[in-house]
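Structure first, commentary second.
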Amino acid sequence: MKRFNFVFILALTLFFSCKPSPKDAAIFNDRLMSEQKKVIIKYDELLETYDTYVAKKMDAALLEFQEQVDNSIATIKTIPAIKEGENLKDAILEYLAVYKGVAEDESQELVRLYKVPENEFSPEMRVTWDSKYKAVDTKLKEADKKLQAVQAEFAENFHLTLAK
């Protein structure tokens, strides 16, 4: 009976010690989210160029946005997932894939349209630009919602409190 108790206690200890600590989980989460933040900053910088309407700044901001998305994806792929953190890593990569698509497709088209000289910018072009911009906004909000759900589950699993 003593041998059974010892084996049972040893098995329980090994089972519970395999899960990363909340501190390890928080560090893992923060590393992933720091890459997300870098992408969002570059995207926001691109959006600011729409307001200032300086074509060269739009091109530069678009390029920086595209490069940051690629760099962040590459960085995240090198981060080893902790046990029970695979879903979060997959979710952030999926999230960044949405941003990559926006950077390579819709944002390029939005910049191209926005750089059309004002006297050539037709009402139809404005409608196209507005609808593309709204579609991008919706797409990014949906991606954000999915990532937040996975991150909340991850936080709950490791008893973490996420900053708003």
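Residues are named by chain letter and number: chains run A, B, ... in the order of the structure tokens, numbers start at 1 in each chain, and ligands are numbered from 1 in the order shown.
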
### Task
For A:Ser21, please output as JSON, numbers by chain all residues within 10 Å (counting only C-alpha atoms; exclusion window: fewer than 5 positions along the same chain).
{"A": [16, 26, 27, 82, 158, 159]}

Can you write out the residues you just picked, keeping C-alpha atoms, as a short mmCIF file (atom, residue, chain, number, x, y, z; two decimals), in the first residue's frame?
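Heads up, here's the output in result23.cif:
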```
data_model
loop_
_atom_site.label_atom_id
_atom_site.label_comp_id
_atom_site.auth_asym_id
_atom_site.auth_seq_id
_atom_site.Cartn_x
_atom_site.Cartn_y
_atom_site.Cartn_z
CA PHE A 16 1.16 19.13 -12.05
CA ALA A 26 2.63 35.67 -18.58
CA ILE A 27 6.10 36.01 -20.13
CA ILE A 82 4.79 26.64 -23.79
CA PHE A 158 -3.09 30.07 -16.16
CA HIS A 159 -4.96 32.33 -13.72
#
```

### Query
Do you know which residues are at most 12 Å from stretch 104-118 of chain A counting only C-alpha atoms, after dropping those on the same chain fewer than 4 positions away, and could you put them as a VMD selection string?
chain A and resid 43 to 44 46 to 67 69 to 70 97 to 100 122 to 137 139 to 140

### Task
Skip A:Glu84 itself and residues of its chain fewer than 2 positions away, then list as a list in words all residues within 12 Å of it, counting only C-alpha atoms.
Cys18, Lys19, Pro20, Ser21, Pro22, Asp24, Ala25, Phe28, Asn29, Pro80, Ala81, Ile82, Glu86, Asn87, Leu88, Lys89, Asp90, Val150, Gln151, Glu153, Phe154, Ala155, Glu156, Asn157 and Phe158 of chain A

### Task
Would you list, as a PyMOL selection string, the residues of stretch 38-124 of chain A that end up in alpha helix (DSSP H) under DSSP run on this structure's backbone?
chain A and resi 38-52+55-78+86-101+107-114+123-124

Would you mind exporting C-alpha atoms of the selected residues as a compact mmCIF listing (two decimals), in the first residue's frame?
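Result file is selection_4.txt:
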```txt
# COMPACT_ATOMS: atom_id res chain seq x y z
CA LYS A 38 4.36 46.56 -32.99
CA VAL A 39 2.10 45.71 -35.93
CA ILE A 40 -0.78 47.79 -34.59
CA ILE A 41 1.54 50.78 -34.10
CA LYS A 42 2.69 50.59 -37.73
CA TYR A 43 -0.89 50.18 -38.92
CA ASP A 44 -1.93 53.24 -36.91
CA GLU A 45 0.94 55.19 -38.44
CA LEU A 46 -0.37 54.25 -41.89
CA LEU A 47 -3.86 55.42 -40.92
CA GLU A 48 -2.40 58.75 -39.75
CA THR A 49 -0.94 59.31 -43.23
CA TYR A 50 -4.45 59.14 -44.66
CA ASP A 51 -5.31 62.16 -42.52
CA THR A 52 -2.21 64.14 -43.49
CA ALA A 55 1.79 60.55 -50.72
CA LYS A 56 5.44 59.84 -49.87
CA LYS A 57 4.56 59.34 -46.22
CA MET A 58 1.77 56.94 -47.20
CA ASP A 59 4.17 54.84 -49.25
CA ALA A 60 6.77 54.80 -46.49
CA ALA A 61 4.19 53.96 -43.80
CA LEU A 62 2.73 51.18 -45.94
CA LEU A 63 6.18 49.68 -46.46
CA GLU A 64 6.97 49.89 -42.74
CA PHE A 65 3.63 48.26 -41.93
CA GLN A 66 4.30 45.40 -44.37
CA GLU A 67 7.82 44.90 -43.03
CA GLN A 68 6.64 44.89 -39.42
CA VAL A 69 3.98 42.29 -40.14
CA ASP A 70 6.59 40.04 -41.79
CA ASN A 71 9.10 40.62 -38.98
CA SER A 72 6.52 39.92 -36.28
CA ILE A 73 5.38 36.71 -37.96
CA ALA A 74 9.00 35.56 -38.28
CA THR A 75 9.70 36.43 -34.64
CA ILE A 76 6.64 34.63 -33.32
CA LYS A 77 7.49 31.52 -35.30
CA THR A 78 10.82 31.36 -33.44
CA GLU A 86 -0.03 26.38 -28.62
CA ASN A 87 -3.53 27.74 -29.24
CA LEU A 88 -2.44 31.26 -28.32
CA LYS A 89 0.58 31.09 -30.60
CA ASP A 90 -1.58 29.76 -33.45
CA ALA A 91 -4.15 32.49 -32.81
CA ILE A 92 -1.61 35.31 -32.93
CA LEU A 93 -0.16 33.90 -36.16
CA GLU A 94 -3.67 33.73 -37.62
CA TYR A 95 -4.31 37.28 -36.45
CA LEU A 96 -1.11 38.52 -38.06
CA ALA A 97 -1.96 36.64 -41.26
CA VAL A 98 -5.08 38.81 -41.48
CA TYR A 99 -2.92 41.91 -41.08
CA LYS A 100 -0.51 40.56 -43.70
CA GLY A 101 -3.40 40.17 -46.14
CA SER A 107 -3.96 48.80 -47.83
CA GLN A 108 -2.07 48.91 -51.11
CA GLU A 109 -5.31 49.64 -52.94
CA LEU A 110 -6.37 52.25 -50.39
CA VAL A 111 -3.04 54.05 -50.70
CA ARG A 112 -3.19 53.86 -54.49
CA LEU A 113 -6.66 55.37 -54.52
CA TYR A 114 -5.83 57.99 -51.94
CA PRO A 123 -17.23 60.28 -56.36
CA GLU A 124 -17.13 56.61 -57.42
```

### Query
So how many Å separate atom CA of A:Gln148 and atom CA of A:Met33, to one decimal?
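Interatomic distance here is 10.8 Å.
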